[in-house]
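Student: File name protein.cif; file contents mmCIF, C-alpha atoms and all ligand atoms; full text below.
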data_structure
#
loop_
_atom_site.label_atom_id
_atom_site.label_comp_id
_atom_site.auth_asym_id
_atom_site.auth_seq_id
_atom_site.Cartn_x
_atom_site.Cartn_y
_atom_site.Cartn_z
CA MET F 800 95.15 129.66 103.12
CA MET F 801 92.99 128.42 105.98
CA ASP F 802 90.41 125.65 106.03
CA ALA F 803 87.56 127.88 104.77
CA ASP F 804 89.79 129.25 101.98
CA ARG F 805 90.77 125.78 100.83
CA ALA F 806 87.13 124.69 100.92
CA ALA F 807 86.17 127.76 98.87
CA TYR F 808 88.97 127.08 96.37
CA LEU F 809 87.94 123.43 95.90
CA LYS F 810 84.26 124.39 95.63
CA LYS F 811 85.03 126.96 92.91
CA ARG F 812 87.49 124.69 91.07
CA TYR F 813 85.24 121.62 91.14
CA ARG F 814 81.86 123.10 90.26
CA ARG F 815 79.48 122.19 87.41
CA SER F 816 80.83 119.35 85.23
CA GLN F 817 84.02 119.27 87.32
CA SER F 818 81.99 118.38 90.41
CA ILE F 819 80.70 115.23 88.65
CA LEU F 820 84.25 114.33 87.66
CA ASN F 821 85.50 115.04 91.16
CA ARG F 822 82.89 112.80 92.76
CA ARG F 823 83.56 109.97 90.31
CA GLU F 824 87.33 110.29 90.73
CA GLN F 825 87.04 110.08 94.50
CA ARG F 826 84.69 107.09 94.25
CA PHE F 827 86.98 105.22 91.84
CA VAL F 828 90.00 105.93 94.01
CA ASP F 829 88.17 104.46 97.01
CA ALA F 830 87.28 101.39 94.93
CA MET F 831 90.91 100.96 93.91
CA LEU F 832 92.14 101.40 97.48
CA ALA F 833 89.73 98.64 98.48
CA GLN F 834 91.38 96.27 95.99
CA VAL F 835 94.91 96.36 97.38
CA ASP F 836 96.23 93.42 99.37
CA GLY F 837 97.16 94.07 102.98
CA PRO F 838 97.56 97.38 104.82
CA LEU F 839 99.20 100.39 103.16
CA GLU F 840 101.66 101.70 105.73
CA GLN F 841 103.40 104.46 103.78
CA ILE F 842 101.62 106.48 101.09
CA ILE F 843 102.84 109.43 99.05
CA ASP F 844 100.47 111.84 97.26
CA LEU F 845 102.54 113.57 94.60
CA PRO F 846 101.53 116.17 93.49
CA CYS F 847 99.07 116.68 96.34
CA GLY F 848 97.74 120.07 95.17
CA HIS F 849 95.28 121.49 97.69
CA GLY F 850 94.71 118.05 99.22
CA ARG F 851 91.63 116.90 97.33
CA PHE F 852 92.50 113.29 98.17
CA THR F 853 94.16 113.83 101.56
CA PRO F 854 91.23 112.62 103.73
CA GLN F 855 90.88 109.41 101.68
CA LEU F 856 94.59 108.71 101.58
CA ARG F 857 94.96 109.49 105.26
CA ARG F 858 92.33 106.88 106.10
CA ALA F 859 94.16 104.36 103.91
CA ALA F 860 97.69 105.05 105.25
CA SER F 861 98.22 103.22 108.53
CA GLN F 862 101.55 104.87 109.46
CA ARG F 863 102.53 107.82 107.30
CA LEU F 864 101.17 110.02 104.52
CA VAL F 865 103.60 112.22 102.59
CA CYS F 866 101.97 115.14 100.76
CA ALA F 867 104.37 116.58 98.20
CA ASP F 868 104.09 119.29 95.56
CA LEU F 869 106.24 121.86 93.79
CA ARG F 870 104.19 124.73 95.19
CA LEU F 871 104.57 125.42 98.89
CA GLU F 872 101.34 127.44 99.05
CA HIS F 873 99.38 124.35 98.00
CA ILE F 874 101.07 122.20 100.65
CA ASN F 875 100.46 124.85 103.32
CA ALA F 876 96.78 125.14 102.38
CA LEU F 877 96.41 121.40 102.68
CA VAL F 878 98.09 121.20 106.08
CA GLY F 879 96.09 124.18 107.40
CA ALA F 880 92.85 122.46 106.48
CA GLU F 881 93.61 119.02 107.91
CA ASP F 882 92.58 117.78 111.34
CA VAL F 883 95.47 117.24 113.76
CA VAL F 884 94.03 113.83 114.62
CA GLY F 885 94.76 110.95 112.25
CA THR F 886 97.70 109.40 110.45
CA PRO F 887 100.61 111.87 110.61
CA ILE F 888 101.14 113.96 107.49
CA GLU F 889 104.64 114.76 106.33
CA THR F 890 105.17 117.38 103.68
CA SER F 891 107.85 117.78 101.06
CA GLN F 892 108.50 120.32 98.34
CA VAL F 893 109.56 118.32 95.30
CA ASP F 894 109.96 118.78 91.59
CA LEU F 895 108.71 115.75 89.68
CA TYR F 896 111.14 116.58 86.87
CA GLN F 897 114.11 116.03 89.21
CA ARG F 898 115.26 112.88 91.00
CA LEU F 899 112.79 112.45 93.91
CA PRO F 900 114.30 112.69 97.41
CA PHE F 901 112.99 109.26 98.45
CA ALA F 902 114.51 105.78 98.65
CA ASP F 903 113.75 102.96 96.23
CA LYS F 904 110.47 101.25 97.21
CA GLU F 905 109.95 103.68 100.13
CA PHE F 906 106.15 103.73 99.73
CA ASN F 907 103.49 101.02 99.66
CA LEU F 908 101.41 103.30 97.45
CA VAL F 909 102.47 106.10 95.13
CA PHE F 910 99.51 108.30 94.21
CA ASN F 911 99.91 110.62 91.22
CA PHE F 912 96.72 112.35 90.14
CA ARG F 913 95.97 114.87 87.38
CA PHE F 914 99.61 115.47 86.56
CA PHE F 915 100.35 113.53 83.36
CA HIS F 916 98.16 115.78 81.21
CA HIS F 917 100.45 118.69 82.09
CA ILE F 918 103.59 116.93 80.80
CA ARG F 919 104.35 118.22 77.31
CA ASP F 920 107.77 116.66 76.81
CA ASP F 921 108.31 112.93 76.27
CA ALA F 922 111.65 112.89 78.14
CA HIS F 923 109.91 114.44 81.15
CA ARG F 924 107.14 111.84 80.94
CA GLN F 925 109.68 109.00 80.87
CA HIS F 926 111.51 110.51 83.84
CA VAL F 927 108.31 110.82 85.89
CA ILE F 928 107.29 107.22 85.09
CA ALA F 929 110.75 105.94 86.11
CA GLU F 930 110.79 107.92 89.36
CA LEU F 931 107.23 107.04 90.44
CA SER F 932 107.98 103.35 89.76
CA ARG F 933 111.30 103.53 91.61
CA ILE F 934 109.85 104.84 94.89
CA SER F 935 106.90 102.40 94.89
CA GLY F 936 107.35 99.12 96.74
CA ARG F 937 103.87 97.75 96.05
CA TYR F 938 101.19 99.86 94.30
CA LEU F 939 100.70 102.98 92.19
CA ILE F 940 97.54 104.89 91.32
CA VAL F 941 98.20 107.19 88.36
CA SER F 942 95.78 109.25 86.30
CA TYR F 943 96.24 110.49 82.74
CA TYR F 944 94.32 111.74 79.71
CA ALA F 945 93.93 108.91 77.20
CA ASN F 946 94.00 109.46 73.45
CA SER F 947 90.95 108.17 71.63
CA ALA F 948 89.17 108.74 68.32
CA VAL F 949 86.47 110.76 70.13
CA HIS F 950 89.01 113.04 71.72
CA ALA F 951 90.99 113.47 68.49
CA LEU F 952 87.77 114.67 66.86
CA GLN F 953 86.97 116.89 69.84
CA LYS F 954 90.45 118.46 69.60
CA ARG F 955 89.98 119.15 65.88
CA LEU F 956 86.64 120.83 66.56
CA TRP F 957 88.13 122.88 69.39
CA ARG F 958 90.92 124.10 67.12
CA ARG F 959 88.43 125.09 64.41
CA THR F 960 86.49 127.20 66.89
CA GLY F 961 89.71 128.93 67.97
CA HIS F 962 89.91 126.97 71.24
CA THR F 963 93.54 126.94 72.28
CA ARG F 964 93.29 124.42 75.09
CA ASP F 965 95.15 121.34 73.97
CA LEU F 966 96.23 119.10 76.81
CA PRO F 967 98.82 116.38 76.21
CA MET F 968 97.32 112.90 75.99
CA ILE F 969 98.86 109.46 75.68
CA SER F 970 97.33 106.19 74.50
CA THR F 971 96.41 103.69 77.19
CA SER F 972 98.59 101.00 75.60
CA GLU F 973 101.61 103.33 75.47
CA LEU F 974 101.23 104.42 79.10
CA HIS F 975 100.89 100.80 80.23
CA ARG F 976 103.92 99.79 78.13
CA CYS F 977 106.09 102.50 79.73
CA PHE F 978 105.12 101.50 83.27
CA ARG F 979 105.63 97.79 82.48
CA GLN F 980 109.18 98.64 81.41
CA HIS F 981 109.71 99.86 84.98
CA GLY F 982 108.37 96.73 86.66
CA CYS F 983 104.69 97.63 87.08
CA GLU F 984 101.75 95.44 86.07
CA ILE F 985 98.31 96.87 85.39
CA VAL F 986 95.62 95.77 87.84
CA GLU F 987 92.86 98.02 86.53
CA ASP F 988 92.44 100.96 84.17
CA ARG F 989 89.16 102.82 84.00
CA ALA F 990 87.82 105.93 82.31
CA VAL F 991 86.29 108.44 84.71
CA LEU F 992 83.49 109.29 82.24
CA PRO F 993 83.73 106.72 79.39
CA GLY F 994 83.27 108.17 75.89
CA ILE F 995 82.86 111.71 77.25
CA HIS F 996 86.05 112.65 79.08
CA ALA F 997 89.65 111.57 78.44
CA HIS F 998 90.59 111.16 82.09
CA HIS F 999 91.64 107.63 83.10
CA ILE F 1000 92.78 106.18 86.41
CA THR F 1001 95.12 103.19 86.59
CA LEU F 1002 95.91 100.94 89.51
CA MET F 1003 99.28 99.21 89.13
CA ARG F 1004 101.26 96.73 91.20
CA ARG F 1005 105.03 96.41 91.36
CA THR F 1006 106.20 93.02 90.18
C1 LIG V 1 96.03 119.76 88.54
S1 LIG V 1 96.90 119.85 90.07
C2 LIG V 1 96.56 118.22 90.72
C3 LIG V 1 96.59 118.19 92.22
C4 LIG V 1 95.99 116.93 92.87
N1 LIG V 1 96.74 115.74 92.53
C5 LIG V 1 94.52 116.77 92.49
O1 LIG V 1 94.20 115.88 91.69
O2 LIG V 1 93.71 117.57 92.97
C6 LIG V 1 98.58 119.77 89.57
C7 LIG V 1 99.57 120.01 90.70
O3 LIG V 1 100.89 119.75 90.17
C8 LIG V 1 101.80 120.62 90.82
N2 LIG V 1 103.02 120.67 90.01
C9 LIG V 1 103.21 121.33 88.84
N3 LIG V 1 104.45 121.09 88.36
C10 LIG V 1 105.06 120.26 89.26
C11 LIG V 1 106.36 119.66 89.33
N4 LIG V 1 107.27 119.85 88.38
N5 LIG V 1 106.65 118.87 90.39
C12 LIG V 1 105.71 118.65 91.37
N6 LIG V 1 104.48 119.20 91.36
C13 LIG V 1 104.15 119.99 90.32
C14 LIG V 1 101.03 121.92 90.92
O4 LIG V 1 101.57 122.76 91.91
C15 LIG V 1 99.61 121.42 91.25
O5 LIG V 1 99.41 121.38 92.64
#
Let me see whether you can do it: turn the structure in this file into structure tokens.
Tutor:
Amino acid sequence: MMDADRAAYLKKRYRRSQSILNRREQRFVDAMLAQVDGPLEQIIDLPCGHGRFTPQLRRAASQRLVCADLRLEHINALVGAEDVVGTPIETSQVDLYQRLPFADKEFNLVFNFRFFHHIRDDAHRQHVIAELSRISGRYLIVSYYANSAVHALQKRLWRRTGHTRDLPMISTSELHRCFRQHGCEIVEDRAVLPGIHAHHITLMRRT
């Protein structure tokens, strides 16, 4: 996939209501990046997908940005679309359900976006939380779908109308508790569209 193909993919994927979400997500990520203390030398974006956040993360990473995903075609699309000038991008094909091929505390920032709502198994979720925490030396930005009364009702209505889409959610307190168990403190947690959409973004710091 070349630059134009990636642009077309992202345009199609993030149209209508998704384009509002996309804009807000990118804005909130910038605001969180602005809150961290000191320069971020090494950043990993995992899973990077088609590189929706690559330009932002590249600006933030002073030495090295690792873009990692299970699917090679996503990584290749991202690399094909990026400018050769800028912080060097390394790529890695990784499976988040395996031990990650990185050292403890290797990255100043571990960025994990729009992945938790695909995890259907609690053991997998615990593994991912442990691994993301292990490879972070300073900060993590993680997004997830938060359980709430509004979304429980929404799910019930969806089911009644034969809607089969039922994405795994976790309560904010439970997600925070799990990360705290792995040495992370919560700096900020915000809903992307409060009361309307379940997506939350959390900034955490390693203690
Ligand atoms: C919804 S996309 C999110 C991509 C990007 N973070 C974003 O927000 O645009 C989910 C990504 O997870 C990747 N993925 C799925 N299972 C994975 C696994 N077990 N390990 C690593 N990446 C995985 C997919 O290939 C896909 O690129």
Student: Using all atoms listed in the file, which protein or nucleic acid residues are at most 6 Å from ligand LIG 1 (chain V), as a VMD selection string?
Tutor: chain F and resid 846 to 848 851 868 to 870 893 to 896 912 to 914
Student: Let's have the selection written as a JSON list (two decimals), in the frame of the given file, with C-alpha atoms.
Tutor:
[["chain", "number", "residue", "atom", "x", "y", "z"],
["F", 846, "PRO", "CA", 101.53, 116.17, 93.49],
["F", 847, "CYS", "CA", 99.07, 116.68, 96.34],
["F", 848, "GLY", "CA", 97.74, 120.07, 95.17],
["F", 851, "ARG", "CA", 91.63, 116.90, 97.33],
["F", 868, "ASP", "CA", 104.09, 119.29, 95.56],
["F", 869, "LEU", "CA", 106.24, 121.86, 93.79],
["F", 870, "ARG", "CA", 104.19, 124.73, 95.19],
["F", 893, "VAL", "CA", 109.56, 118.32, 95.30],
["F", 894, "ASP", "CA", 109.96, 118.78, 91.59],
["F", 895, "LEU", "CA", 108.71, 115.75, 89.68],
["F", 896, "TYR", "CA", 111.14, 116.58, 86.87],
["F", 912, "PHE", "CA", 96.72, 112.35, 90.14],
["F", 913, "ARG", "CA", 95.97, 114.87, 87.38],
["F", 914, "PHE", "CA", 99.61, 115.47, 86.56]]
Student: Which one is closest to Arg823 of chain F: F:Ala860, F:Leu992, F:Ala867, F:Ser972? Count all atoms listed in the file.
Tutor: F:Leu992
Student: List as a list of chain:residue names the protein and nucleic acid residues near Arg863 of chain F, meaning an atom at most 7 Å away when all atoms listed in the file are counted, but skip any in the same chain fewer than 4 places from it.
Tutor: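 My list of contacting residues is F:Glu840, F:Gln841, F:Ile842, F:Thr886, F:Pro887, F:Ile888.
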Student: Which residue is closest to Leu899 of chain F? Choose from F:Leu864, F:Ala876, F:Ala922, F:Ile843 and count all atoms listed in the file.
Tutor: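 Residue with the minimum atom-to-atom distance to Leu899 of chain F: F:Ile843.
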Student: Which of these residues is nearest to Glu889 of chain F, using all atoms listed in the file: F:His849, F:Arg857, F:Arg937, F:His999?
Tutor: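 Closest residue, counting all atoms listed in the file: F:Arg857.
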Student: Do you have the atom CA of Ser947 of chain F-atom CA of Asp988 of chain F distance handy?
Tutor: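 Between atom CA of Ser947 of chain F and atom CA of Asp988 of chain F the gap is 14.5 Å.
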Student: May I ask which of the residues F:Glu987, F:Asp920, F:Asp829, F:Glu872 is the closest one to Ile1000 of chain F, counting all atoms listed in the file?
Tutor: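 Looking at the shortest contact to Ile1000 of chain F, the residue is F:Glu987.
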Student: Atom CA of Asp844 of chain F and atom CA of Val865 of chain F, how far apart in Å?
Tutor: 6.2 Å
Student: Where atoms are missing, can you supply N, CA and C atoms for segment 897-932 of chain F and output the lot as a compact mmCIF listing (two decimals), in the coordinates of the input?
Tutor:
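So result.txt came out as:
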# COMPACT_ATOMS: atom_id res chain seq x y z
N GLN F 897 112.78 116.32 88.65
CA GLN F 897 114.11 116.03 89.21
C GLN F 897 114.07 114.63 89.84
N ARG F 898 115.26 114.15 90.26
CA ARG F 898 115.26 112.88 91.00
C ARG F 898 114.53 113.12 92.33
N LEU F 899 113.59 112.24 92.69
CA LEU F 899 112.79 112.45 93.91
C LEU F 899 113.62 112.10 95.15
N PRO F 900 113.46 112.89 96.22
CA PRO F 900 114.30 112.69 97.41
C PRO F 900 113.80 111.55 98.31
N PHE F 901 113.50 110.41 97.71
CA PHE F 901 112.99 109.26 98.45
C PHE F 901 113.74 108.00 98.01
N ALA F 902 113.77 107.03 98.94
CA ALA F 902 114.51 105.78 98.65
C ALA F 902 113.72 104.90 97.69
N ASP F 903 114.41 103.97 97.07
CA ASP F 903 113.75 102.96 96.23
C ASP F 903 112.72 102.23 97.09
N LYS F 904 111.55 102.03 96.56
CA LYS F 904 110.47 101.25 97.21
C LYS F 904 110.07 101.81 98.58
N GLU F 905 110.25 103.11 98.79
CA GLU F 905 109.95 103.68 100.13
C GLU F 905 108.46 103.62 100.48
N PHE F 906 107.60 103.63 99.45
CA PHE F 906 106.15 103.73 99.73
C PHE F 906 105.40 102.48 99.28
N ASN F 907 104.38 102.12 100.07
CA ASN F 907 103.49 101.02 99.66
C ASN F 907 102.58 101.46 98.53
N LEU F 908 102.27 102.77 98.52
CA LEU F 908 101.41 103.30 97.45
C LEU F 908 101.93 104.67 97.02
N VAL F 909 102.13 104.80 95.71
CA VAL F 909 102.47 106.10 95.13
C VAL F 909 101.24 106.58 94.38
N PHE F 910 100.76 107.76 94.76
CA PHE F 910 99.51 108.30 94.21
C PHE F 910 99.85 109.55 93.40
N ASN F 911 99.56 109.50 92.10
CA ASN F 911 99.91 110.62 91.22
C ASN F 911 98.67 110.95 90.39
N PHE F 912 98.04 112.06 90.72
CA PHE F 912 96.72 112.35 90.14
C PHE F 912 96.69 113.68 89.43
N ARG F 913 96.13 113.66 88.21
CA ARG F 913 95.97 114.87 87.38
C ARG F 913 97.29 115.61 87.16
N PHE F 914 98.33 114.84 86.88
CA PHE F 914 99.61 115.47 86.56
C PHE F 914 100.05 115.17 85.13
N PHE F 915 99.81 113.92 84.67
CA PHE F 915 100.35 113.53 83.36
C PHE F 915 99.86 114.42 82.22
N HIS F 916 98.65 114.96 82.32
CA HIS F 916 98.16 115.78 81.21
C HIS F 916 98.76 117.19 81.22
N HIS F 917 99.69 117.42 82.14
CA HIS F 917 100.45 118.69 82.09
C HIS F 917 101.84 118.47 81.50
N ILE F 918 102.22 117.21 81.27
CA ILE F 918 103.59 116.93 80.80
C ILE F 918 103.62 117.02 79.27
N ARG F 919 104.35 118.00 78.76
CA ARG F 919 104.35 118.22 77.31
C ARG F 919 105.55 117.58 76.61
N ASP F 920 106.52 117.12 77.40
CA ASP F 920 107.77 116.66 76.81
C ASP F 920 107.94 115.16 77.10
N ASP F 921 108.25 114.38 76.06
CA ASP F 921 108.31 112.93 76.27
C ASP F 921 109.42 112.53 77.26
N ALA F 922 110.55 113.23 77.22
CA ALA F 922 111.65 112.89 78.14
C ALA F 922 111.20 113.12 79.58
N HIS F 923 110.44 114.19 79.80
CA HIS F 923 109.91 114.44 81.15
C HIS F 923 108.96 113.32 81.56
N ARG F 924 108.11 112.90 80.61
CA ARG F 924 107.14 111.84 80.94
C ARG F 924 107.87 110.55 81.33
N GLN F 925 108.91 110.22 80.57
CA GLN F 925 109.68 109.00 80.87
C GLN F 925 110.34 109.10 82.24
N HIS F 926 110.86 110.30 82.54
CA HIS F 926 111.51 110.51 83.84
C HIS F 926 110.51 110.31 84.98
N VAL F 927 109.32 110.91 84.83
CA VAL F 927 108.31 110.82 85.89
C VAL F 927 107.88 109.36 86.09
N ILE F 928 107.68 108.63 84.99
CA ILE F 928 107.29 107.22 85.09
C ILE F 928 108.38 106.42 85.82
N ALA F 929 109.64 106.67 85.48
CA ALA F 929 110.75 105.94 86.11
C ALA F 929 110.82 106.26 87.60
N GLU F 930 110.66 107.53 87.96
CA GLU F 930 110.79 107.92 89.36
C GLU F 930 109.61 107.41 90.21
N LEU F 931 108.39 107.52 89.68
CA LEU F 931 107.23 107.04 90.44
C LEU F 931 107.36 105.53 90.67
N SER F 932 107.82 104.81 89.64
CA SER F 932 107.98 103.35 89.76
C SER F 932 109.08 103.03 90.77
